[in-house]
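Engineer: Below you'll find upload-v1.csv; it's CSV, C-alpha atoms and all ligand atoms.
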chain,number,residue,atom,x,y,z
A,187,MET,CA,0.0,0.0,0.0
A,188,SER,CA,1.5,3.3,-1.0
A,189,GLN,CA,1.0,6.2,1.3
A,190,LYS,CA,2.1,9.7,1.9
A,191,VAL,CA,4.7,10.1,4.6
A,192,ASP,CA,3.7,12.7,7.3
A,193,PRO,CA,6.9,14.3,8.7
A,194,GLU,CA,4.8,15.9,11.5
A,195,LEU,CA,3.3,12.6,12.7
A,196,THR,CA,5.5,12.2,15.8
A,197,ALA,CA,4.8,15.8,16.8
A,198,LYS,CA,1.1,15.2,16.3
A,199,ILE,CA,1.0,12.0,18.4
A,200,GLU,CA,3.2,13.5,21.1
A,201,LYS,CA,0.3,15.9,21.9
A,202,PHE,CA,-1.6,12.9,23.2
A,203,GLY,CA,0.9,12.0,25.9
A,204,LYS,CA,4.4,11.1,26.6
A,205,GLY,CA,6.4,10.6,23.4
A,206,THR,CA,9.5,8.4,23.4
A,207,TRP,CA,9.7,7.5,19.7
A,208,ASN,CA,13.4,8.1,19.1
A,209,GLU,CA,14.7,6.0,22.0
A,210,CYS,CA,13.5,2.8,20.4
A,211,PHE,CA,16.3,1.0,18.4
A,212,HIS,CA,14.2,-1.9,17.4
A,213,CYS,CA,15.7,-4.7,19.4
A,214,GLY,CA,12.3,-6.4,19.4
A,215,ASN,CA,12.5,-7.4,23.1
A,216,CYS,CA,9.0,-5.9,23.8
A,217,THR,CA,7.3,-7.9,21.0
A,218,ALA,CA,9.1,-11.0,22.1
A,219,ILE,CA,7.9,-10.6,25.7
A,220,CYS,CA,4.4,-9.4,25.1
A,221,PRO,CA,1.9,-12.2,26.0
A,222,LEU,CA,-0.8,-10.9,23.7
A,223,THR,CA,1.2,-10.4,20.4
A,224,GLU,CA,0.7,-13.1,17.8
A,225,GLN,CA,1.4,-13.9,14.2
A,226,GLY,CA,-0.3,-11.2,12.0
A,227,PHE,CA,-0.6,-8.8,14.9
A,228,LEU,CA,2.9,-8.0,16.1
A,229,PHE,CA,3.3,-5.1,18.6
A,230,PRO,CA,4.4,-2.9,20.2
A,231,ARG,CA,7.7,-2.5,18.2
A,232,LYS,CA,5.9,-2.2,14.8
A,233,GLY,CA,4.0,0.8,16.1
A,234,TYR,CA,7.3,2.6,16.8
A,235,ARG,CA,8.5,1.9,13.3
A,236,ALA,CA,5.3,3.3,11.7
A,237,ILE,CA,5.5,6.4,13.9
A,238,GLN,CA,9.2,7.0,13.2
A,239,MET,CA,8.6,6.7,9.5
A,240,GLY,CA,5.6,9.0,9.5
A,241,LEU,CA,3.2,6.3,8.2
A,242,LYS,CA,0.0,8.1,9.3
A,243,ASP,CA,-2.3,5.7,7.3
A,244,THR,CA,-0.7,2.6,8.8
A,245,ILE,CA,-1.2,4.0,12.3
A,246,ALA,CA,-4.8,5.0,11.6
A,247,GLY,CA,-5.5,1.5,10.3
A,248,SER,CA,-3.7,-0.4,13.0
A,249,VAL,CA,-5.8,-2.5,15.3
A,250,GLU,CA,-2.7,-3.5,17.5
A,251,PRO,CA,-2.8,-0.7,20.1
A,252,TRP,CA,-6.3,-1.9,21.1
A,253,LEU,CA,-5.1,-5.5,21.5
A,254,CYS,CA,-2.6,-4.3,24.2
A,255,TYR,CA,-4.1,-4.4,27.7
A,256,TYR,CA,-1.2,-2.5,29.2
A,257,CYS,CA,0.2,-5.1,31.6
A,258,GLY,CA,3.5,-3.2,31.4
A,259,ASP,CA,5.8,-6.3,30.9
A,260,CYS,CA,7.3,-4.8,27.7
A,261,SER,CA,8.2,-1.5,29.5
A,262,LYS,CA,10.0,-3.4,32.3
A,263,THR,CA,12.3,-5.1,29.8
A,264,CYS,CA,12.9,-2.4,27.3
A,265,PRO,CA,16.7,-1.8,27.3
A,266,ARG,CA,16.2,1.8,26.2
A,267,ASN,CA,13.5,2.8,28.7
A,268,ALA,CA,11.3,3.7,25.7
A,269,ASN,CA,8.2,2.7,27.7
A,270,PRO,CA,6.4,0.8,24.9
A,271,GLY,CA,3.4,0.0,27.1
A,272,GLU,CA,2.7,3.7,27.5
A,273,THR,CA,3.3,4.2,23.8
A,274,MET,CA,0.5,1.8,23.1
A,275,MET,CA,-1.7,3.9,25.5
A,276,VAL,CA,-0.7,7.1,23.7
A,277,LEU,CA,-1.6,5.5,20.4
A,278,ARG,CA,-5.0,4.5,21.7
A,279,ARG,CA,-5.7,8.2,22.6
A,280,TYR,CA,-4.5,9.3,19.2
A,281,LEU,CA,-6.7,6.7,17.4
A,282,THR,CA,-9.7,7.7,19.4
A,283,SER,CA,-9.3,11.2,17.9
A,284,VAL,CA,-8.7,9.7,14.4
A,285,TYR,CA,-12.0,7.8,14.5
A,286,ASP,CA,-14.0,10.7,16.0
A,287,TRP,CA,-15.5,12.9,13.2
A,288,THR,CA,-16.6,15.6,15.6
A,289,GLY,CA,-13.0,16.6,16.5
A,290,LEU,CA,-14.0,16.8,20.2
A,291,ALA,CA,-11.8,13.8,21.2
A,292,ARG,CA,-8.7,15.6,19.8
A,293,ARG,CA,-9.6,18.8,21.7
A,294,ILE,CA,-10.3,16.9,24.9
A,295,TYR,CA,-7.1,14.8,24.7
A,296,THR,CA,-4.8,17.7,23.8
A,297,SER,CA,-6.1,20.5,25.9
A,298,LYS,CA,-6.6,20.3,29.7
A,299,MET,CA,-8.4,23.6,29.7
A,300,PHE,CA,-10.8,22.5,27.0
A,301,GLU,CA,-11.7,19.3,28.9
A,302,ILE,CA,-12.3,21.1,32.2
A,303,GLY,CA,-14.2,23.9,30.4
A,304,ALA,CA,-16.5,21.2,28.7
A,305,ILE,CA,-17.1,19.5,32.1
A,306,VAL,CA,-18.0,22.8,33.8
A,307,PHE,CA,-20.2,23.9,30.8
A,308,ILE,CA,-22.2,20.6,30.9
A,309,ALA,CA,-22.5,20.7,34.7
A,310,ILE,CA,-23.9,24.2,34.5
A,311,ALA,CA,-26.3,23.2,31.7
A,312,VAL,CA,-27.5,20.3,34.0
A,313,LEU,CA,-28.0,22.7,36.9
A,314,LEU,CA,-30.1,25.1,34.7
A,315,LEU,CA,-32.1,22.2,33.2
A,316,TYR,CA,-32.8,20.7,36.7
A,317,VAL,CA,-34.0,24.0,38.0
A,318,SER,CA,-36.2,24.8,35.0
A,319,PHE,CA,-37.6,21.4,34.3
A,320,THR,CA,-38.0,19.9,37.7
A,321,PHE,CA,-38.6,22.8,40.0
A,322,PHE,CA,-40.8,25.2,38.1
A,323,PRO,CA,-43.3,23.0,36.2
A,324,SER,CA,-44.0,20.9,39.3
A,325,GLY,CA,-43.5,23.7,41.8
A,326,GLU,CA,-46.5,22.9,44.0
A,327,GLY,CA,-44.2,23.0,46.9
A,328,ASN,CA,-45.3,19.5,48.1
A,329,TRP,CA,-41.8,17.9,47.7
A,330,ILE,CA,-41.9,16.7,51.3
A,331,GLY,CA,-44.1,13.8,52.2
A,332,GLN,CA,-46.8,14.0,54.9
A,333,ASP,CA,-44.5,12.0,57.2
A,334,GLY,CA,-41.6,14.4,56.4
A,335,GLY,CA,-40.2,11.8,54.0
A,336,VAL,CA,-38.6,12.1,50.5
A,337,LEU,CA,-40.7,12.5,47.4
A,338,ILE,CA,-38.0,12.3,44.8
A,339,ASN,CA,-40.5,11.8,41.9
A,340,LYS,CA,-42.2,15.1,42.8
A,341,ILE,CA,-39.1,17.2,42.5
A,342,ALA,CA,-37.5,15.2,39.7
A,343,PRO,CA,-40.2,13.1,38.0
A,344,TRP,CA,-38.7,10.0,36.6
A,345,LYS,CA,-40.4,10.5,33.2
A,346,ARG,CA,-38.6,13.8,32.7
A,347,ILE,CA,-35.3,12.4,33.8
A,348,HIS,CA,-36.0,9.4,31.6
A,349,LEU,CA,-36.6,11.6,28.6
A,350,GLY,CA,-33.2,13.3,29.3
A,351,ASP,CA,-31.6,9.9,29.6
A,352,TRP,CA,-32.9,8.7,26.3
A,353,ILE,CA,-31.8,11.9,24.5
A,354,MET,CA,-28.4,11.6,26.0
A,355,ALA,CA,-28.1,7.8,25.4
A,356,GLY,CA,-29.3,8.2,21.8
A,357,THR,CA,-26.8,11.0,21.1
A,358,LEU,CA,-23.9,9.0,22.7
A,359,ALA,CA,-24.9,5.8,20.7
A,360,PHE,CA,-25.0,7.8,17.5
A,361,ILE,CA,-21.6,9.3,18.0
A,362,LEU,CA,-20.0,6.0,19.1
A,363,ILE,CA,-21.6,3.9,16.4
A,364,SER,CA,-20.6,6.4,13.7
A,365,ASN,CA,-17.0,6.4,15.1
A,366,VAL,CA,-16.9,2.6,15.1
A,367,PHE,CA,-18.0,2.7,11.5
A,368,ASN,CA,-15.1,5.1,10.8
A,369,MET,CA,-12.8,2.6,12.6
A,370,TRP,CA,-14.1,-0.2,10.4
A,371,LEU,CA,-13.4,1.9,7.3
A,372,LYS,CA,-9.8,2.4,8.4
A,373,ILE,CA,-9.0,-1.0,9.8
A,374,ILE,CA,-10.9,-3.4,7.5
A,375,PHE,CA,-12.3,-1.6,4.4
A,376,LYS,CA,-9.1,0.2,3.5
A,377,ASP,CA,-6.9,-2.8,4.1
A,378,LYS,CA,-6.7,-4.4,0.6
A,379,SER,CA,-4.3,-7.0,1.7
A,380,VAL,CA,-7.0,-9.3,3.1
A,381,LYS,CA,-10.5,-10.3,2.0
A,382,ILE,CA,-12.7,-10.8,5.0
A,383,PRO,CA,-15.1,-13.8,4.5
A,384,PHE,CA,-18.7,-12.5,5.0
A,385,THR,CA,-19.6,-15.4,7.2
A,386,ALA,CA,-16.9,-14.3,9.7
A,387,TYR,CA,-18.9,-11.2,10.5
A,388,ILE,CA,-21.5,-13.5,11.9
A,389,THR,CA,-19.4,-16.3,13.4
A,390,GLU,CA,-17.2,-13.9,15.3
A,391,VAL,CA,-20.1,-12.1,17.0
A,392,PHE,CA,-20.2,-14.7,19.9
A,393,ASP,CA,-16.5,-14.2,20.6
A,394,PHE,CA,-17.0,-10.4,20.5
A,395,ALA,CA,-19.8,-10.6,23.1
A,396,TRP,CA,-17.8,-13.1,25.2
A,397,ASN,CA,-14.7,-10.9,25.1
A,398,PHE,CA,-16.7,-7.8,26.0
A,399,ILE,CA,-18.3,-9.6,29.1
A,400,THR,CA,-15.2,-11.4,30.3
A,401,GLN,CA,-12.2,-9.4,28.9
A,402,LYS,CA,-10.6,-12.8,28.7
A,403,ARG,CA,-7.6,-11.5,26.6
A,404,PHE,CA,-6.6,-9.3,29.5
A,405,ASN,CA,-6.5,-12.4,31.8
A,406,LYS,CA,-3.7,-13.9,29.6
A,407,CYS,CA,-1.3,-11.3,31.0
A,408,ASP,CA,0.9,-12.6,33.9
A,409,GLY,CA,0.6,-11.1,37.3
A,410,THR,CA,-2.5,-9.0,36.5
A,411,LYS,CA,-5.3,-11.2,38.0
A,412,THR,CA,-6.3,-8.7,40.6
A,413,TYR,CA,-6.1,-5.8,38.1
A,414,TRP,CA,-8.1,-7.9,35.6
A,415,PHE,CA,-10.8,-8.8,38.2
A,416,LEU,CA,-11.3,-5.3,39.5
A,417,HIS,CA,-11.3,-3.8,36.0
A,418,LEU,CA,-13.9,-6.3,35.0
A,419,PHE,CA,-16.0,-5.8,38.2
A,420,LEU,CA,-15.9,-2.1,37.7
A,421,MET,CA,-16.8,-2.3,34.0
A,422,LEU,CA,-19.8,-4.7,34.6
A,423,SER,CA,-21.0,-2.6,37.6
A,424,TYR,CA,-21.0,0.4,35.4
A,425,VAL,CA,-22.9,-1.4,32.7
A,426,VAL,CA,-25.5,-2.7,35.2
A,427,LEU,CA,-26.1,0.8,36.7
A,428,PHE,CA,-26.1,2.5,33.2
A,429,THR,CA,-28.7,-0.1,32.1
A,430,MET,CA,-30.9,0.4,35.2
A,431,ILE,CA,-30.8,4.2,34.8
A,432,VAL,CA,-31.4,4.4,31.1
A,433,PHE,CA,-33.8,1.5,30.6
A,434,PHE,CA,-35.5,0.9,34.0
A,435,LEU,CA,-35.5,4.3,35.7
A,436,GLU,CA,-39.2,3.9,36.7
A,437,TRP,CA,-38.2,0.7,38.7
A,438,PHE,CA,-34.9,2.2,40.0
A,439,GLN,CA,-36.1,5.7,41.1
A,440,THR,CA,-38.9,5.1,43.5
A,441,ASP,CA,-40.3,7.0,46.4
A,442,THR,CA,-40.9,3.7,48.2
A,443,VAL,CA,-38.1,2.4,50.3
A,444,HIS,CA,-37.9,-1.3,49.5
A,445,PRO,CA,-36.6,-3.8,52.0
A,446,ILE,CA,-32.8,-4.4,51.8
A,447,TRP,CA,-33.2,-7.8,50.1
A,448,HIS,CA,-35.3,-6.3,47.3
A,449,PRO,CA,-33.6,-6.9,43.9
A,450,GLN,CA,-33.6,-3.1,43.2
A,451,ARG,CA,-31.5,-2.5,46.3
A,452,LEU,CA,-29.3,-5.6,46.1
A,453,LEU,CA,-28.4,-5.0,42.4
A,454,GLY,CA,-27.7,-1.3,43.2
A,455,TYR,CA,-25.5,-2.3,46.2
A,456,ILE,CA,-23.4,-4.9,44.3
A,457,ALA,CA,-22.8,-2.6,41.4
A,458,THR,CA,-21.9,0.3,43.8
A,459,VAL,CA,-19.4,-1.9,45.6
A,460,GLY,CA,-17.9,-2.9,42.2
A,461,LEU,CA,-17.5,0.7,41.1
A,462,PHE,CA,-16.2,2.0,44.5
A,463,VAL,CA,-13.7,-0.7,45.1
A,464,GLY,CA,-12.4,-0.5,41.5
A,465,ILE,CA,-12.1,3.3,41.6
A,466,ILE,CA,-10.2,3.3,44.9
A,467,TYR,CA,-7.9,0.6,43.6
A,468,PHE,CA,-7.1,2.5,40.4
A,469,ILE,CA,-6.7,5.9,42.1
A,470,ASN,CA,-4.4,4.2,44.7
A,471,ASN,CA,-2.3,2.7,41.8
A,472,ARG,CA,-2.0,6.1,40.1
A,473,ILE,CA,-1.0,7.9,43.3
A,474,LYS,CA,1.6,5.3,44.3
A,475,LYS,CA,2.8,4.7,40.8
A,476,ALA,CA,3.4,1.2,42.0
A,477,LYS,CA,2.5,-0.6,38.8
A,478,GLU,CA,4.0,-0.2,35.4
A,479,ASN,CA,0.7,0.8,33.8
A,480,SER,CA,0.1,3.6,36.4
A,481,LYS,CA,3.5,5.2,36.5
A,482,TYR,CA,2.5,7.8,34.0
A,483,SER,CA,-0.9,9.5,34.2
A,484,HIS,CA,-2.3,11.7,31.5
A,485,TYR,CA,-4.7,14.4,32.8
A,486,THR,CA,-7.6,12.6,31.2
A,487,ASP,CA,-6.9,9.5,33.3
A,488,TRP,CA,-7.5,11.7,36.4
A,489,THR,CA,-10.5,13.6,35.1
A,490,PHE,CA,-12.2,10.2,34.3
A,491,LEU,CA,-11.4,8.7,37.7
A,492,VAL,CA,-12.4,11.9,39.6
A,493,LEU,CA,-15.7,12.2,37.8
A,494,LEU,CA,-16.5,8.5,38.3
A,495,PHE,CA,-15.5,8.8,42.0
A,496,LEU,CA,-17.7,11.9,42.5
A,497,THR,CA,-20.6,10.2,40.6
A,498,THR,CA,-20.4,7.1,42.8
A,499,LEU,CA,-19.9,9.0,46.0
A,500,THR,CA,-22.9,11.3,45.4
A,501,GLY,CA,-24.9,8.3,44.3
A,502,ILE,CA,-24.2,6.6,47.7
A,503,MET,CA,-25.0,9.8,49.6
A,504,LEU,CA,-28.2,10.3,47.7
A,505,HIS,CA,-29.3,6.8,48.5
A,506,PHE,CA,-28.4,7.2,52.2
A,507,PHE,CA,-30.3,10.5,52.5
A,508,ARG,CA,-33.3,9.1,50.6
A,509,ILE,CA,-33.7,6.0,52.8
A,510,SER,CA,-33.1,8.1,55.9
A,511,GLY,CA,-36.0,10.4,55.0
A,512,MET,CA,-33.9,13.6,54.6
A,513,PRO,CA,-35.7,15.4,51.7
A,514,VAL,CA,-33.6,18.6,51.3
A,515,ALA,CA,-30.3,16.7,51.5
A,516,THR,CA,-31.6,14.2,49.0
A,517,TYR,CA,-32.7,16.8,46.4
A,518,VAL,CA,-29.5,18.8,46.6
A,519,THR,CA,-27.4,15.7,46.4
A,520,TYR,CA,-29.4,14.5,43.4
A,521,LEU,CA,-28.6,17.7,41.6
A,522,ILE,CA,-24.9,17.4,42.4
A,523,HIS,CA,-25.0,13.7,41.4
A,524,LEU,CA,-26.5,14.7,38.0
A,525,MET,CA,-23.9,17.5,37.6
A,526,CYS,CA,-21.1,14.8,37.9
A,527,LEU,CA,-22.8,12.0,36.1
A,528,VAL,CA,-23.9,13.8,32.9
A,529,PRO,CA,-20.4,15.3,32.1
A,530,MET,CA,-18.9,11.9,32.9
A,531,LEU,CA,-21.1,10.2,30.4
A,532,THR,CA,-21.2,12.8,27.7
A,533,ILE,CA,-17.4,13.5,27.7
A,534,GLU,CA,-15.8,10.2,28.8
A,535,VAL,CA,-17.9,7.7,26.9
A,536,PRO,CA,-17.8,9.0,23.3
A,537,PHE,CA,-14.6,11.1,23.4
A,538,SER,CA,-12.2,10.1,26.1
A,539,LYS,CA,-11.1,7.4,28.4
A,540,TRP,CA,-14.3,5.4,28.6
A,541,SER,CA,-14.6,5.0,24.8
A,542,HIS,CA,-12.2,2.0,25.1
A,543,LEU,CA,-15.2,0.2,26.5
A,544,ALA,CA,-16.5,0.2,22.9
A,545,TYR,CA,-13.3,0.4,20.8
A,546,ARG,CA,-11.3,-2.5,22.4
A,547,PRO,CA,-13.9,-5.3,22.0
A,548,VAL,CA,-14.6,-4.0,18.5
A,549,ALA,CA,-10.9,-4.1,17.7
A,550,VAL,CA,-10.6,-7.7,19.0
A,551,TYR,CA,-13.6,-8.5,16.7
A,552,PHE,CA,-11.9,-6.8,13.7
A,553,ALA,CA,-8.7,-8.7,14.5
A,554,ASN,CA,-10.7,-12.0,14.6
A,555,LEU,CA,-12.2,-11.1,11.2
A,556,LYS,CA,-8.6,-10.7,9.8
A,557,LYS,CA,-7.6,-14.0,11.4
A,558,ALA,CA,-10.5,-15.7,9.7
A,559,ALA,CA,-9.2,-14.4,6.4
A,560,TYR,CA,-5.7,-15.6,7.2
A,561,LYS,CA,-7.0,-19.1,8.0
A,562,LYS,CA,-8.8,-19.3,4.7
A,563,ASN,CA,-5.7,-17.9,3.0
A,564,LEU,CA,-7.8,-15.0,1.6
A,565,VAL,CA,-4.6,-12.8,1.5
A,566,LYS,CA,-3.7,-10.7,-1.5
A,601,LIG,S1,12.2,-3.2,23.7
A,601,LIG,FE1,12.4,-0.9,23.6
A,601,LIG,S2,14.1,-0.5,22.2
A,601,LIG,FE2,13.5,-2.7,21.9
A,601,LIG,S3,12.0,-2.6,20.2
A,601,LIG,FE3,10.8,-2.5,22.1
A,601,LIG,S4,10.6,-0.3,22.5
A,601,LIG,FE4,12.2,-0.5,21.0
A,602,LIG,S1,1.9,-3.5,27.8
A,602,LIG,FE1,1.7,-5.7,28.0
A,602,LIG,S2,0.1,-6.2,26.5
A,602,LIG,FE2,0.8,-4.2,26.0
A,602,LIG,S3,2.3,-4.4,24.5
A,602,LIG,FE3,3.4,-4.3,26.4
A,602,LIG,S4,3.6,-6.5,27.0
A,602,LIG,FE4,2.0,-6.4,25.4
Represent the supplied structure as structure tokens.
Ligand code: SF4
Ligand code: SF4

Structural biologist:
Amino acid sequence: MSQKVDPELTAKIEKFGKGTWNECFHCGNCTAICPLTEQGFLFPRKGYRAIQMGLKDTIAGSVEPWLCYYCGDCSKTCPRNANPGETMMVLRRYLTSVYDWTGLARRIYTSKMFEIGAIVFIAIAVLLLYVSFTFFPSGEGNWIGQDGGVLINKIAPWKRIHLGDWIMAGTLAFILISNVFNMWLKIIFKDKSVKIPFTAYITEVFDFAWNFITQKRFNKCDGTKTYWFLHLFLMLSYVVLFTMIVFFLEWFQTDTVHPIWHPQRLLGYIATVGLFVGIIYFINNRIKKAKENSKYSHYTDWTFLVLLFLTTLTGIMLHFFRISGMPVATYVTYLIHLMCLVPMLTIEVPFSKWSHLAYRPVAVYFANLKKAAYKKNLVK
């Protein structure tokens, strides 16, 4: 495949994080040690070569950065301290911006002020919406129950919140799906070296779903079992809570306080534990810089963790105030919770850190499609 060399490529990618492109002298240690690299998908050394040569299209169409789970083994053994594990991370940020047609991922990943400004802007918009749509139209002033209890559906009727959820979820889905399509164009469609058998698109769906649910590839890395488990627990907890809020809010946001063994409470508690334990573990890792994959933190790693932490903390406080029958504290906390949750979802899911929840399993799916072509020798 002929392609134009971009002499500015290293400078462009450096904006997405620590750049150590020139230290690499291509000994190949990192690729040899990586537990996830395999025939047809060799990394991380190949990524360095493409960056150093300015092969922008090769990088844009590479699936390999998403196949890396950042165990850090390669960084420990690099004789040049080039930190190949972090390089894969930087490439994932860069690729997120390459797929994103809105241009917002690039702005968020390359400007701290832009990201903070976007978070504040959305939080203020949520505040204004909450005040205008929840207080005024239903402002009968009867937000406090006869027994002095909480009437959350009076101050923030679930139908209105639900409508907002659907608008937000629809917008996020549209952006993510269109970006995944862009990813497919670059990784599969433009790669004329293989011909993907159509049946593979169907047969590989099961593995795609299984990989999404279990993240089994990550488990192949040595010494990362705790990390894998907590990452998985956090991810599944997030998916459970997101599903309950977006699809079953009427069931989830009730004025009735159910007994503790009620499925609504139990599911909420398990998912909250998953989120909280995971967040504390990852924050602790980043503060202590104890593990290879948390020695270097980009500012977007922190904004994501802080937003997720605040969302979870205010969610716990909200629940506590509600079941304790403290109306004013509940309503104020609900507003603060939404001011953390909505920026977290609208910024992190489609444009920043959380987008790997979609891109990584899709990338594994695309790699499997290519493997199916290799198996059938459909190589040009
Ligand atoms: S181990 Fe280090 S120097 Fe060797 S190829 Fe990998 S990144 Fe380059
Ligand atoms: S960080 Fe781990 S999974 Fe990623 S390239 Fe290095 S050795 Fe492979």

Engineer: State, in Å with one decimal place, the distance from atom CA of Thr357 of chain A to atom CA of Ile533 of chain A.

Structural biologist: 11.8 Å

Engineer: Give me the residues near segment 287-299 of chain A as a list in words, where near means some atom within 7 Å (using all atoms listed in the file) and where sequence neighbours in that chain fewer than 5 positions away do not count.

Structural biologist: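 Final neighbour list, sorted by chain and number: Lys201, Phe202, Thr282, Asn365, Tyr485, Thr486, Phe537 and Ser538 of chain A.
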
Engineer: Residues within 7 Å of ligand LIG 602 (chain A) should be enumerated using all atoms listed in the file and returned as a PyMOL selection string.

Structural biologist: chain A and resi 216+219-223+229-230+254-261+270-271+274+407

Engineer: Would you mind exporting the chosen residues as a PDB file, in the coordinates of the input, restricted to C-alpha atoms?

Structural biologist:
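The file below, selection.pdb, is the result:
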ATOM      1  CA  CYS A 216       9.000  -5.900  23.800  1.00  0.00           C
ATOM      2  CA  ILE A 219       7.900 -10.600  25.700  1.00  0.00           C
ATOM      3  CA  CYS A 220       4.400  -9.400  25.100  1.00  0.00           C
ATOM      4  CA  PRO A 221       1.900 -12.200  26.000  1.00  0.00           C
ATOM      5  CA  LEU A 222      -0.800 -10.900  23.700  1.00  0.00           C
ATOM      6  CA  THR A 223       1.200 -10.400  20.400  1.00  0.00           C
ATOM      7  CA  PHE A 229       3.300  -5.100  18.600  1.00  0.00           C
ATOM      8  CA  PRO A 230       4.400  -2.900  20.200  1.00  0.00           C
ATOM      9  CA  CYS A 254      -2.600  -4.300  24.200  1.00  0.00           C
ATOM     10  CA  TYR A 255      -4.100  -4.400  27.700  1.00  0.00           C
ATOM     11  CA  TYR A 256      -1.200  -2.500  29.200  1.00  0.00           C
ATOM     12  CA  CYS A 257       0.200  -5.100  31.600  1.00  0.00           C
ATOM     13  CA  GLY A 258       3.500  -3.200  31.400  1.00  0.00           C
ATOM     14  CA  ASP A 259       5.800  -6.300  30.900  1.00  0.00           C
ATOM     15  CA  CYS A 260       7.300  -4.800  27.700  1.00  0.00           C
ATOM     16  CA  SER A 261       8.200  -1.500  29.500  1.00  0.00           C
ATOM     17  CA  PRO A 270       6.400   0.800  24.900  1.00  0.00           C
ATOM     18  CA  GLY A 271       3.400   0.000  27.100  1.00  0.00           C
ATOM     19  CA  MET A 274       0.500   1.800  23.100  1.00  0.00           C
ATOM     20  CA  CYS A 407      -1.300 -11.300  31.000  1.00  0.00           C
TER      21      CYS A 407
END

Engineer: Could you list the protein, DNA and RNA residues that have any atom within 7 Å of ligand LIG 601 (chain A), counting only C-alpha atoms and all ligand atoms, and write them as a CSV table (one decimal) with C-alpha atoms, in the coordinates of the input?

Structural biologist:
chain,number,residue,atom,x,y,z
A,209,GLU,CA,14.7,6.0,22.0
A,210,CYS,CA,13.5,2.8,20.4
A,211,PHE,CA,16.3,1.0,18.4
A,212,HIS,CA,14.2,-1.9,17.4
A,213,CYS,CA,15.7,-4.7,19.4
A,214,GLY,CA,12.3,-6.4,19.4
A,215,ASN,CA,12.5,-7.4,23.1
A,216,CYS,CA,9.0,-5.9,23.8
A,217,THR,CA,7.3,-7.9,21.0
A,230,PRO,CA,4.4,-2.9,20.2
A,231,ARG,CA,7.7,-2.5,18.2
A,260,CYS,CA,7.3,-4.8,27.7
A,263,THR,CA,12.3,-5.1,29.8
A,264,CYS,CA,12.9,-2.4,27.3
A,265,PRO,CA,16.7,-1.8,27.3
A,266,ARG,CA,16.2,1.8,26.2
A,267,ASN,CA,13.5,2.8,28.7
A,268,ALA,CA,11.3,3.7,25.7
A,269,ASN,CA,8.2,2.7,27.7
A,270,PRO,CA,6.4,0.8,24.9

Engineer: If you count only C-alpha atoms, which residues fall within 7 Å of Pro536 of chain A, apart from same-chain ones fewer than 6 positions away, as a ChimeraX atom specification?

Structural biologist: /A:358,361-362

Engineer: Calculated over only C-alpha atoms, which of the candidates A:Lys204, A:Lys556, A:Arg546, A:Lys562 has the smallest distance to Phe375 of chain A?

Structural biologist: A:Lys556

Engineer: Which polymer residues, protein or nucleic acid, are no farther than 12 Å from (-18.2, -9.9, 1.7), counting all atoms listed in the file, as a list in words?

Structural biologist: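 Counting all atoms listed in the file, I find these residues within 12 Å of (-18.2, -9.9, 1.7): Ile374, Phe375, Val380, Lys381, Ile382, Pro383, Phe384, Thr385, Ala386, Tyr387, Ile388, Leu555, Ala559 and Leu564 of chain A.
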
Engineer: Can you tell me, as a list in words, what residues are no more than 7 Å from Phe438 of chain A when counting only C-alpha atoms, ignoring any on the same chain fewer than 5 positions away?

Structural biologist: Met430, Ile431 and Gln450 of chain A

Engineer: At what distance in Å, to one decimal, does atom CA of Ile456 of chain A lie from atom CA of Leu420 of chain A?

Structural biologist: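 Atom-to-atom, atom CA of Leu420 of chain A and atom CA of Ile456 of chain A are spaced 10.4 Å apart.
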
Engineer: Just to confirm, what's the straight-line distance from atom CA of Lys376 of chain A to atom CA of Val548 of chain A in Å (one decimal)?

Structural biologist: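 Atom-to-atom, atom CA of Lys376 of chain A and atom CA of Val548 of chain A are spaced 16.5 Å apart.
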
Engineer: Given the choices A:Gln238, A:Ser283, A:Thr273, A:Thr532, which gets closest to Met369 of chain A if the distance is worked out from only C-alpha atoms?

Structural biologist: A:Ser283

Engineer: What's around Ala457 of chain A at 9 Å? Count only C-alpha atoms, leave out sequence neighbours fewer than 5 positions away in its own chain, and write the answer as a compact mmCIF listing (two decimals) with C-alpha atoms, in the frame of the given file.

Structural biologist:
# COMPACT_ATOMS: atom_id res chain seq x y z
CA PHE A 419 -16.00 -5.80 38.20
CA LEU A 420 -15.90 -2.10 37.70
CA LEU A 422 -19.80 -4.70 34.60
CA SER A 423 -21.00 -2.60 37.60
CA TYR A 424 -21.00 0.40 35.40
CA VAL A 425 -22.90 -1.40 32.70
CA VAL A 426 -25.50 -2.70 35.20
CA LEU A 427 -26.10 0.80 36.70
CA LEU A 452 -29.30 -5.60 46.10
CA PHE A 462 -16.20 2.00 44.50

Engineer: For Pro193 of chain A, list every protein, DNA or RNA residue within 9 Å, evaluated using all atoms listed in the file, and leave out those in the same chain fewer than 2 positions away; present the list as a list in words.

Structural biologist: Val191, Leu195, Thr196, Ala197, Gln238, Met239, Gly240 and Leu241 of chain A
